[in-house]
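Undergrad: So I've got this file, structure_11.cif, and it contains mmCIF, C-alpha atoms:
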data_entry
loop_
_atom_site.group_PDB
_atom_site.id
_atom_site.type_symbol
_atom_site.label_atom_id
_atom_site.label_comp_id
_atom_site.auth_asym_id
_atom_site.auth_seq_id
_atom_site.Cartn_x
_atom_site.Cartn_y
_atom_site.Cartn_z
ATOM 1 C CA GLU A 1 0.000 0.000 0.000
ATOM 2 C CA THR A 2 1.046 3.615 0.545
ATOM 3 C CA GLY A 3 3.406 3.061 3.470
ATOM 4 C CA VAL A 4 1.575 5.724 5.488
ATOM 5 C CA THR A 5 0.275 4.426 8.797
ATOM 6 C CA GLN A 6 -2.073 6.120 11.226
ATOM 7 C CA SER A 7 -3.071 5.336 14.777
ATOM 8 C CA PRO A 8 -5.437 4.789 16.362
ATOM 9 C CA THR A 9 -7.837 3.641 13.647
ATOM 10 C CA HIS A 10 -10.955 4.294 15.714
ATOM 11 C CA LEU A 11 -11.557 6.167 18.929
ATOM 12 C CA ILE A 12 -14.402 7.578 20.961
ATOM 13 C CA LYS A 13 -14.077 10.671 23.123
ATOM 14 C CA THR A 14 -16.440 12.951 24.997
ATOM 15 C CA ARG A 15 -16.899 16.683 24.589
ATOM 16 C CA GLY A 16 -14.144 18.744 26.181
ATOM 17 C CA GLN A 17 -11.535 15.981 26.059
ATOM 18 C CA GLN A 18 -8.296 16.100 24.127
ATOM 19 C CA VAL A 19 -7.062 13.698 21.469
ATOM 20 C CA THR A 20 -3.729 12.954 19.783
ATOM 21 C CA LEU A 21 -3.598 11.232 16.418
ATOM 22 C CA ARG A 22 -0.370 9.871 14.975
ATOM 23 C CA CYS A 23 0.973 9.382 11.481
ATOM 24 C CA SER A 24 4.088 7.743 10.071
ATOM 25 C CA SER A 25 4.902 9.031 6.626
ATOM 26 C CA GLN A 26 6.140 7.064 3.671
ATOM 27 C CA SER A 27 9.883 6.545 3.624
ATOM 28 C CA GLY A 28 11.641 9.457 1.943
ATOM 29 C CA HIS A 29 8.675 11.840 2.265
ATOM 30 C CA ASN A 30 9.373 15.056 4.154
ATOM 31 C CA THR A 31 5.919 16.642 3.962
ATOM 32 C CA VAL A 32 2.857 15.624 5.944
ATOM 33 C CA SER A 33 -0.634 17.070 5.506
ATOM 34 C CA TRP A 34 -3.640 16.517 7.732
ATOM 35 C CA TYR A 35 -7.230 16.556 6.570
ATOM 36 C CA GLN A 36 -10.600 16.304 8.278
ATOM 37 C CA GLN A 37 -13.347 14.520 6.376
ATOM 38 C CA ALA A 38 -16.896 14.654 7.675
ATOM 39 C CA LEU A 39 -19.429 12.161 6.383
ATOM 40 C CA GLY A 40 -20.452 12.970 2.812
ATOM 41 C CA GLN A 41 -17.895 15.759 2.441
ATOM 42 C CA GLY A 42 -14.525 16.098 0.793
ATOM 43 C CA PRO A 43 -11.333 16.199 2.858
ATOM 44 C CA GLN A 44 -10.810 19.628 4.454
ATOM 45 C CA PHE A 45 -7.219 20.842 4.749
ATOM 46 C CA ILE A 46 -6.152 21.352 8.381
ATOM 47 C CA PHE A 47 -2.422 22.021 8.059
ATOM 48 C CA GLN A 48 0.791 20.868 6.479
ATOM 49 C CA TYR A 49 4.285 20.279 7.874
ATOM 50 C CA TYR A 50 7.498 20.400 5.907
ATOM 51 C CA ARG A 51 10.736 19.473 7.637
ATOM 52 C CA GLU A 52 9.245 19.998 11.107
ATOM 53 C CA GLU A 53 7.759 23.435 10.330
ATOM 54 C CA GLU A 54 4.107 24.234 9.735
ATOM 55 C CA ASN A 55 3.974 25.721 6.220
ATOM 56 C CA GLY A 56 0.280 25.998 5.568
ATOM 57 C CA ARG A 57 -2.935 26.041 7.550
ATOM 58 C CA GLY A 58 -6.583 25.799 6.634
ATOM 59 C CA ASN A 59 -9.550 27.405 8.316
ATOM 60 C CA PHE A 60 -9.348 25.528 11.619
ATOM 61 C CA PRO A 61 -9.225 27.059 15.122
ATOM 62 C CA PRO A 62 -6.039 27.049 17.239
ATOM 63 C CA ARG A 63 -7.269 24.101 19.292
ATOM 64 C CA PHE A 64 -6.142 22.044 16.275
ATOM 65 C CA SER A 65 -2.379 21.828 16.528
ATOM 66 C CA GLY A 66 0.334 19.584 15.238
ATOM 67 C CA LEU A 67 3.930 18.517 15.269
ATOM 68 C CA GLN A 68 6.344 16.928 12.884
ATOM 69 C CA PHE A 69 9.330 15.011 14.200
ATOM 70 C CA PRO A 70 12.854 14.649 12.779
ATOM 71 C CA ASN A 71 11.884 11.298 11.238
ATOM 72 C CA TYR A 72 8.986 13.159 9.513
ATOM 73 C CA SER A 73 6.284 11.357 11.458
ATOM 74 C CA SER A 74 3.576 13.672 12.726
ATOM 75 C CA GLU A 75 0.918 14.222 15.356
ATOM 76 C CA LEU A 76 -2.400 16.030 15.240
ATOM 77 C CA ASN A 77 -3.711 17.286 18.565
ATOM 78 C CA VAL A 78 -7.238 18.517 19.124
ATOM 79 C CA ASN A 79 -8.156 20.165 22.425
ATOM 80 C CA ALA A 80 -11.574 20.878 23.892
ATOM 81 C CA LEU A 81 -13.321 18.425 21.583
ATOM 82 C CA GLU A 82 -16.685 19.406 20.160
ATOM 83 C CA LEU A 83 -19.391 17.190 18.677
ATOM 84 C CA ASP A 84 -18.631 18.584 15.203
ATOM 85 C CA ASP A 85 -15.069 17.268 15.454
ATOM 86 C CA SER A 86 -16.457 13.794 14.783
ATOM 87 C CA ALA A 87 -14.909 12.860 11.451
ATOM 88 C CA LEU A 88 -12.312 10.802 9.644
ATOM 89 C CA TYR A 89 -8.871 12.351 10.095
ATOM 90 C CA LEU A 90 -6.563 11.639 7.211
ATOM 91 C CA CYS A 91 -2.826 11.998 7.116
ATOM 92 C CA ALA A 92 -1.069 12.245 3.758
ATOM 93 C CA SER A 93 2.607 12.294 2.991
ATOM 94 C CA SER A 94 4.332 13.598 -0.085
ATOM 95 C CA GLY A 95 7.823 14.159 -1.310
ATOM 96 C CA GLY A 96 7.209 17.879 -1.668
ATOM 97 C CA GLY A 97 8.386 19.672 -4.756
ATOM 98 C CA TYR A 98 6.426 20.365 -7.904
ATOM 99 C CA THR A 99 4.504 17.159 -8.438
ATOM 100 C CA GLY A 100 2.969 16.701 -5.010
ATOM 101 C CA GLU A 101 0.910 13.547 -5.230
ATOM 102 C CA LEU A 102 -0.471 12.711 -1.811
ATOM 103 C CA PHE A 103 -0.266 9.261 -0.295
ATOM 104 C CA PHE A 104 -2.903 8.758 2.363
ATOM 105 C CA GLY A 105 -3.056 6.591 5.422
ATOM 106 C CA GLU A 106 -6.252 4.723 6.212
ATOM 107 C CA GLY A 107 -7.336 7.428 8.617
ATOM 108 C CA SER A 108 -8.381 7.733 12.232
ATOM 109 C CA ARG A 109 -12.121 7.750 12.771
ATOM 110 C CA LEU A 110 -12.989 9.977 15.734
ATOM 111 C CA THR A 111 -16.397 9.991 17.373
ATOM 112 C CA VAL A 112 -17.138 12.703 19.933
ATOM 113 C CA LEU A 113 -20.082 12.039 22.242
ATOM 114 C CA ARG B 114 -17.406 30.766 -3.394
ATOM 115 C CA LYS B 115 -15.699 27.477 -2.570
ATOM 116 C CA GLU B 116 -12.098 27.018 -3.704
ATOM 117 C CA VAL B 117 -12.995 23.832 -5.569
ATOM 118 C CA GLU B 118 -16.456 23.025 -6.887
ATOM 119 C CA GLN B 119 -17.543 19.725 -8.376
ATOM 120 C CA ASP B 120 -20.715 18.302 -9.869
ATOM 121 C CA PRO B 121 -22.572 17.086 -6.778
ATOM 122 C CA GLY B 122 -23.908 13.909 -8.396
ATOM 123 C CA PRO B 123 -24.683 11.162 -7.808
ATOM 124 C CA PHE B 124 -24.236 9.864 -11.317
ATOM 125 C CA ASN B 125 -26.055 6.591 -11.973
ATOM 126 C CA VAL B 126 -24.870 4.974 -15.209
ATOM 127 C CA PRO B 127 -25.080 1.507 -16.778
ATOM 128 C CA GLU B 128 -22.001 -0.594 -17.396
ATOM 129 C CA GLY B 129 -20.271 0.425 -20.608
ATOM 130 C CA ALA B 130 -21.422 4.038 -20.441
ATOM 131 C CA THR B 131 -19.204 7.078 -20.779
ATOM 132 C CA VAL B 132 -19.444 9.606 -17.960
ATOM 133 C CA ALA B 133 -17.794 12.973 -17.429
ATOM 134 C CA PHE B 134 -17.227 14.934 -14.233
ATOM 135 C CA ASN B 135 -16.533 18.643 -14.047
ATOM 136 C CA CYS B 136 -14.518 20.640 -11.554
ATOM 137 C CA THR B 137 -13.772 24.358 -11.266
ATOM 138 C CA TYR B 138 -11.154 25.941 -9.031
ATOM 139 C CA SER B 139 -10.689 29.516 -7.879
ATOM 140 C CA ASN B 140 -6.961 29.692 -7.127
ATOM 141 C CA SER B 141 -5.287 30.789 -10.352
ATOM 142 C CA ALA B 142 -1.888 29.994 -8.783
ATOM 143 C CA SER B 143 -2.652 26.255 -8.881
ATOM 144 C CA GLN B 144 0.042 24.420 -10.792
ATOM 145 C CA SER B 145 -0.746 20.739 -10.387
ATOM 146 C CA PHE B 146 -4.081 19.029 -10.559
ATOM 147 C CA PHE B 147 -5.166 15.623 -9.370
ATOM 148 C CA TRP B 148 -8.128 13.313 -9.429
ATOM 149 C CA TYR B 149 -8.418 10.960 -6.480
ATOM 150 C CA ARG B 150 -10.768 8.052 -6.117
ATOM 151 C CA GLN B 151 -12.307 7.271 -2.737
ATOM 152 C CA ASP B 152 -14.215 4.101 -1.975
ATOM 153 C CA CYS B 153 -16.810 4.098 0.790
ATOM 154 C CA ARG B 154 -15.185 4.620 4.208
ATOM 155 C CA LYS B 155 -11.691 4.285 2.736
ATOM 156 C CA GLU B 156 -8.865 6.735 2.152
ATOM 157 C CA PRO B 157 -8.508 8.644 -1.149
ATOM 158 C CA LYS B 158 -6.156 7.122 -3.686
ATOM 159 C CA LEU B 159 -4.547 8.909 -6.599
ATOM 160 C CA LEU B 160 -6.251 8.215 -9.905
ATOM 161 C CA MET B 161 -4.592 10.719 -12.229
ATOM 162 C CA SER B 162 -2.252 13.692 -12.224
ATOM 163 C CA VAL B 163 -2.603 16.578 -14.678
ATOM 164 C CA TYR B 164 0.271 19.011 -15.126
ATOM 165 C CA SER B 165 -0.279 20.360 -18.625
ATOM 166 C CA SER B 166 -3.418 20.351 -20.751
ATOM 167 C CA GLY B 167 -4.440 16.790 -20.080
ATOM 168 C CA ASN B 168 -3.600 13.203 -19.349
ATOM 169 C CA GLU B 169 -4.925 9.845 -20.468
ATOM 170 C CA ASP B 170 -4.617 6.491 -18.745
ATOM 171 C CA GLY B 171 -6.563 3.664 -20.300
ATOM 172 C CA ARG B 172 -10.271 4.375 -19.933
ATOM 173 C CA PHE B 173 -9.643 7.591 -18.005
ATOM 174 C CA THR B 174 -8.954 11.014 -19.530
ATOM 175 C CA ALA B 175 -8.423 14.230 -17.626
ATOM 176 C CA GLN B 176 -8.433 17.626 -19.303
ATOM 177 C CA LEU B 177 -7.334 20.971 -17.935
ATOM 178 C CA ASN B 178 -8.361 24.422 -19.104
ATOM 179 C CA ARG B 179 -6.271 26.939 -17.185
ATOM 180 C CA ALA B 180 -7.951 29.959 -18.756
ATOM 181 C CA SER B 181 -11.345 28.801 -17.522
ATOM 182 C CA GLN B 182 -9.919 27.222 -14.340
ATOM 183 C CA TYR B 183 -11.720 24.024 -15.187
ATOM 184 C CA ILE B 184 -10.743 20.353 -14.995
ATOM 185 C CA SER B 185 -12.702 17.390 -16.258
ATOM 186 C CA LEU B 186 -12.508 13.630 -15.863
ATOM 187 C CA LEU B 187 -13.915 11.322 -18.520
ATOM 188 C CA ILE B 188 -14.470 7.636 -17.860
ATOM 189 C CA ARG B 189 -15.154 5.442 -20.866
ATOM 190 C CA ASP B 190 -16.632 1.931 -20.849
ATOM 191 C CA SER B 191 -17.642 2.175 -17.179
ATOM 192 C CA LYS B 192 -17.155 -0.905 -15.006
ATOM 193 C CA LEU B 193 -19.001 -1.885 -11.853
ATOM 194 C CA SER B 194 -15.677 -1.449 -10.050
ATOM 195 C CA ASP B 195 -15.601 2.243 -11.041
ATOM 196 C CA SER B 196 -18.357 2.930 -8.491
ATOM 197 C CA ALA B 197 -16.751 5.348 -6.036
ATOM 198 C CA THR B 198 -16.447 9.026 -5.163
ATOM 199 C CA TYR B 199 -14.141 11.056 -7.384
ATOM 200 C CA LEU B 200 -12.343 13.978 -5.781
ATOM 201 C CA CYS B 201 -10.905 16.892 -7.718
ATOM 202 C CA ALA B 202 -7.786 18.318 -6.048
ATOM 203 C CA PRO B 203 -5.804 21.296 -7.325
ATOM 204 C CA ARG B 204 -2.490 22.024 -5.671
ATOM 205 C CA GLY B 205 -1.940 25.728 -5.285
ATOM 206 C CA GLY B 206 0.113 28.285 -3.473
ATOM 207 C CA GLY B 207 2.233 26.975 -0.632
ATOM 208 C CA PHE B 208 1.969 23.500 -2.118
ATOM 209 C CA LYS B 209 -1.370 22.941 -0.381
ATOM 210 C CA THR B 210 -3.752 20.486 -2.002
ATOM 211 C CA ILE B 211 -7.397 21.456 -1.656
ATOM 212 C CA PHE B 212 -10.160 18.953 -2.332
ATOM 213 C CA GLY B 213 -13.605 19.360 -3.756
ATOM 214 C CA ALA B 214 -16.597 17.756 -2.093
ATOM 215 C CA GLY B 215 -16.470 14.865 -4.549
ATOM 216 C CA THR B 216 -18.800 13.377 -7.126
ATOM 217 C CA ARG B 217 -20.347 9.992 -6.444
ATOM 218 C CA LEU B 218 -20.585 7.504 -9.279
ATOM 219 C CA PHE B 219 -22.743 4.392 -9.259
ATOM 220 C CA VAL B 220 -22.281 1.980 -12.143
ATOM 221 C CA LYS B 221 -25.133 -0.498 -12.527
ATOM 222 C CA ALA B 222 -25.153 -3.910 -14.201
#
What's the structure tokens form of this structure?
TA:
Amino acid sequence: ETGVTQSPTHLIKTRGQQVTLRCSSQSGHNTVSWYQQALGQGPQFIFQYYREEENGRGNFPPRFSGLQFPNYSSELNVNALELDDSALYLCASSGGGYTGELFFGEGSRLTVL
Amino acid sequence: RKEVEQDPGPFNVPEGATVAFNCTYSNSASQSFFWYRQDCRKEPKLLMSVYSSGNEDGRFTAQLNRASQYISLLIRDSKLSDSATYLCAPRGGGFKTIFGAGTRLFVKA
């Protein structure tokens, strides 16, 4: 497959809690992007990390934050969970540069009760 | 206006039919364009890349019109296995890839 792995695959949280989602990028890829996909919608861009620096952010509040590590793996943290945060969270890695095809992990499905 | 707009669908077509999907994008700085396929409750997977005016891969043809900021995807001789959601994804400034809401295709026997 793509070589991008995400964990956990499914999780249930309650409103107000915090969650950390993890992503290991494909070998050789230095760019990781995170997307939120609600049911019936397209993936919405949250942010992107290139060589440990955030280099792009979508229209998401500051309670969505992230990190990229020296091995290019990444975390997405969401604080103060709201019901509307229930979605599939997708991590995608790419080699950067001009072409920019994204290789997605299978996603983490978050349910907020 | 959304950055990327696609035909909402769903498209219901018989096997063997030809079907075309349209996509418009608002960011004129977009340089690369992609079509991804997403099966139900799965992750998107790259179907085609478009860097110049178009690309063809077997039964699939993508065309790009930069002046009109329009991309299309044509599927010929539809198969049952083509049933999926097709996502249009331009890659623009800052190397961000933005996705449309997707067009659902159902191919019937």
Undergrad: Using only C-alpha atoms and a cut-off of 7 Å, which residues of chain B sit close to chain A? Please list them as a list in words.
TA: Ser145, Lys155, Glu156, Pro157, Gly207, Lys209, Ile211, Phe212, Gly213, Ala214 and Gly215 of chain B
Undergrad: So that I can check the surroundings of Thr111 (chain A), please list as a PyMOL selection string every protein, DNA and RNA residue that reaches within 12 Å of it, counting all atoms listed in the file and ignoring chain neighbours fewer than 3 positions away.
TA: chain A and resi 9-15+17+19+38-39+81-89+108
Undergrad: Determine the nearest neighbour of Leu110 (chain A) from the options A:Val78, A:Glu52, A:Ser93, A:Ser27, counting all atoms listed in the file.
TA: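 Closest to Leu110 (chain A), using all atoms listed in the file: A:Val78.
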Undergrad: As an exercise, work out the distance from CA of Cys153 (chain B) to CA of Leu193 (chain B) in Å and give it to one decimal place.
TA: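 Those two atoms sit 14.2 Å apart.
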Undergrad: Can you pull out every residue within 10 Å of Ser65 (chain A), counting only C-alpha atoms, but drop anything in the same chain fewer than 4 positions away, and send it as a ChimeraX atom specification?
TA: /A:20,46-47,54,57,60-61,75-79
Undergrad: Can you write just those residues out, C-alpha atoms, as a PDB file, in the coordinates of the input?
TA:
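Below you can see out.pdb, which holds the result:
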ATOM      1  CA  THR A  20      -3.729  12.954  19.783  1.00  0.00           C
ATOM      2  CA  ILE A  46      -6.152  21.352   8.381  1.00  0.00           C
ATOM      3  CA  PHE A  47      -2.422  22.021   8.059  1.00  0.00           C
ATOM      4  CA  GLU A  54       4.107  24.234   9.735  1.00  0.00           C
ATOM      5  CA  ARG A  57      -2.935  26.041   7.550  1.00  0.00           C
ATOM      6  CA  PHE A  60      -9.348  25.528  11.619  1.00  0.00           C
ATOM      7  CA  PRO A  61      -9.225  27.059  15.122  1.00  0.00           C
ATOM      8  CA  GLU A  75       0.918  14.222  15.356  1.00  0.00           C
ATOM      9  CA  LEU A  76      -2.400  16.030  15.240  1.00  0.00           C
ATOM     10  CA  ASN A  77      -3.711  17.286  18.565  1.00  0.00           C
ATOM     11  CA  VAL A  78      -7.238  18.517  19.124  1.00  0.00           C
ATOM     12  CA  ASN A  79      -8.156  20.165  22.425  1.00  0.00           C
TER      13      ASN A  79
END
Undergrad: To verify the selection step, state as number ranges by chain which residues the PyMOL selection byres ((chain B and resi 127) around 12) yields on this input.
TA: B: 124-126, 128-132, 189-196, 218-222
Undergrad: May I have the selected residues written with C-alpha atoms, as a short mmCIF file (atom, residue, chain, number, x, y, z; two decimals), in the frame of the given file?
TA:
data_model
loop_
_atom_site.label_atom_id
_atom_site.label_comp_id
_atom_site.auth_asym_id
_atom_site.auth_seq_id
_atom_site.Cartn_x
_atom_site.Cartn_y
_atom_site.Cartn_z
CA PHE B 124 -24.24 9.86 -11.32
CA ASN B 125 -26.06 6.59 -11.97
CA VAL B 126 -24.87 4.97 -15.21
CA GLU B 128 -22.00 -0.59 -17.40
CA GLY B 129 -20.27 0.42 -20.61
CA ALA B 130 -21.42 4.04 -20.44
CA THR B 131 -19.20 7.08 -20.78
CA VAL B 132 -19.44 9.61 -17.96
CA ARG B 189 -15.15 5.44 -20.87
CA ASP B 190 -16.63 1.93 -20.85
CA SER B 191 -17.64 2.17 -17.18
CA LYS B 192 -17.16 -0.90 -15.01
CA LEU B 193 -19.00 -1.88 -11.85
CA SER B 194 -15.68 -1.45 -10.05
CA ASP B 195 -15.60 2.24 -11.04
CA SER B 196 -18.36 2.93 -8.49
CA LEU B 218 -20.58 7.50 -9.28
CA PHE B 219 -22.74 4.39 -9.26
CA VAL B 220 -22.28 1.98 -12.14
CA LYS B 221 -25.13 -0.50 -12.53
CA ALA B 222 -25.15 -3.91 -14.20
#
Undergrad: List as a PDB file with C-alpha atoms, keeping the file's coordinate frame the protein and nucleic acid residues near Leu187 (chain B), meaning an atom at most 8 Å away when all atoms listed in the file are counted, but skip any in the same chain fewer than 6 places from it.
TA:
ATOM      1  CA  THR B 131     -19.204   7.078 -20.779  1.00  0.00           C
ATOM      2  CA  VAL B 132     -19.444   9.606 -17.960  1.00  0.00           C
ATOM      3  CA  ALA B 133     -17.794  12.973 -17.429  1.00  0.00           C
ATOM      4  CA  PHE B 134     -17.227  14.934 -14.233  1.00  0.00           C
ATOM      5  CA  ARG B 172     -10.271   4.375 -19.933  1.00  0.00           C
ATOM      6  CA  PHE B 173      -9.643   7.591 -18.005  1.00  0.00           C
ATOM      7  CA  THR B 174      -8.954  11.014 -19.530  1.00  0.00           C
ATOM      8  CA  ALA B 175      -8.423  14.230 -17.626  1.00  0.00           C
TER       9      ALA B 175
END
Undergrad: Calculate how many Å separate CA of Tyr149 (chain B) from CA of Gln119 (chain B), rounding to one decimal.
TA: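 So the answer is 12.8 Å.
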Undergrad: Between CA of Val4 (chain A) and CA of Gly95 (chain A), what is the distance in Å, rounded to a tenth?
TA: 12.5 Å
Undergrad: Which neighbours of Asn30 (chain A) fall inside 6 Å, counting all atoms listed in the file, when residues of the same chain fewer than 4 positions from it are skipped, and could you give them as a list in words?
TA: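 Skipping anything fewer than 4 positions along the chain leaves Tyr50, Arg51, Tyr72 and Gly95 of chain A.
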Undergrad: Kindly indicate which residue among A:Gln18, A:Ser73, A:Gln68, A:Asn59 lies nearest to Gln6 (chain A), using all atoms listed in the file for the distances.
TA: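 Closest residue, counting all atoms listed in the file: A:Ser73.
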Undergrad: With distances taken over only C-alpha atoms, which of A:Asn71, A:Leu21, A:Gln26, A:Val112 is nearest to Gly3 (chain A)?
TA: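 Of A:Asn71, A:Leu21, A:Gln26, A:Val112, the one nearest Gly3 (chain A) is A:Gln26, counting only C-alpha atoms.
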Undergrad: Could you tell me which of B:Gln151, B:Asn140, B:Thr216, B:Ser185 comes closest to Gly167 (chain B) if we count only C-alpha atoms?
TA: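 The answer is B:Ser185, which sits nearest to Gly167 (chain B).
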Undergrad: From (-13.1, 26.9, -4.6), in the file's coordinates, out to 12 Å: which residues are reached, counting only C-alpha atoms? Answer as a ChimeraX atom specification.
TA: /A:44 /B:114-119,136-141,143,182-183,201-205,210-214
Undergrad: Of the residues B:Ala142, B:Leu159, B:Asn135, B:Glu169, which is the one nearest to Phe208 (chain B), using all atoms listed in the file?
TA: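 Closest candidate: B:Ala142.
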Undergrad: Kindly complete region 201-213 of chain B to N, CA, C and O atoms; the output should be written as a short mmCIF file (atom, residue, chain, number, x, y, z; two decimals), in the frame of the given file.
TA:
data_model
loop_
_atom_site.label_atom_id
_atom_site.label_comp_id
_atom_site.auth_asym_id
_atom_site.auth_seq_id
_atom_site.Cartn_x
_atom_site.Cartn_y
_atom_site.Cartn_z
N CYS B 201 -11.75 15.98 -6.95
CA CYS B 201 -10.90 16.89 -7.72
C CYS B 201 -10.01 17.63 -6.73
O CYS B 201 -10.49 18.09 -5.67
N ALA B 202 -8.71 17.76 -7.04
CA ALA B 202 -7.79 18.32 -6.05
C ALA B 202 -6.69 19.14 -6.72
O ALA B 202 -5.65 18.60 -7.09
N PRO B 203 -6.89 20.44 -6.84
CA PRO B 203 -5.80 21.30 -7.32
C PRO B 203 -4.79 21.54 -6.22
O PRO B 203 -5.15 21.59 -5.03
N ARG B 204 -3.56 21.72 -6.63
CA ARG B 204 -2.49 22.02 -5.67
C ARG B 204 -2.01 23.43 -5.97
O ARG B 204 -1.51 23.70 -7.06
N GLY B 205 -2.18 24.33 -5.00
CA GLY B 205 -1.94 25.73 -5.28
C GLY B 205 -0.79 26.31 -4.53
O GLY B 205 0.20 25.64 -4.24
N GLY B 206 -0.94 27.57 -4.16
CA GLY B 206 0.11 28.28 -3.47
C GLY B 206 0.50 27.62 -2.18
O GLY B 206 -0.35 27.11 -1.45
N GLY B 207 1.77 27.60 -1.86
CA GLY B 207 2.23 26.98 -0.63
C GLY B 207 2.18 25.47 -0.70
O GLY B 207 2.30 24.80 0.33
N PHE B 208 1.99 24.95 -1.92
CA PHE B 208 1.97 23.50 -2.12
C PHE B 208 0.88 22.82 -1.31
O PHE B 208 1.02 21.67 -0.93
N LYS B 209 -0.23 23.55 -1.05
CA LYS B 209 -1.37 22.94 -0.38
C LYS B 209 -2.28 22.32 -1.43
O LYS B 209 -2.53 22.91 -2.48
N THR B 210 -2.79 21.14 -1.12
CA THR B 210 -3.75 20.49 -2.00
C THR B 210 -5.13 20.63 -1.38
O THR B 210 -5.34 20.24 -0.22
N ILE B 211 -6.03 21.21 -2.13
CA ILE B 211 -7.40 21.46 -1.66
C ILE B 211 -8.34 20.55 -2.44
O ILE B 211 -8.26 20.48 -3.65
N PHE B 212 -9.25 19.91 -1.72
CA PHE B 212 -10.16 18.95 -2.33
C PHE B 212 -11.56 19.53 -2.52
O PHE B 212 -12.04 20.31 -1.69
N GLY B 213 -12.19 19.09 -3.60
CA GLY B 213 -13.60 19.36 -3.76
C GLY B 213 -14.41 18.40 -2.90
O GLY B 213 -13.86 17.50 -2.25
#
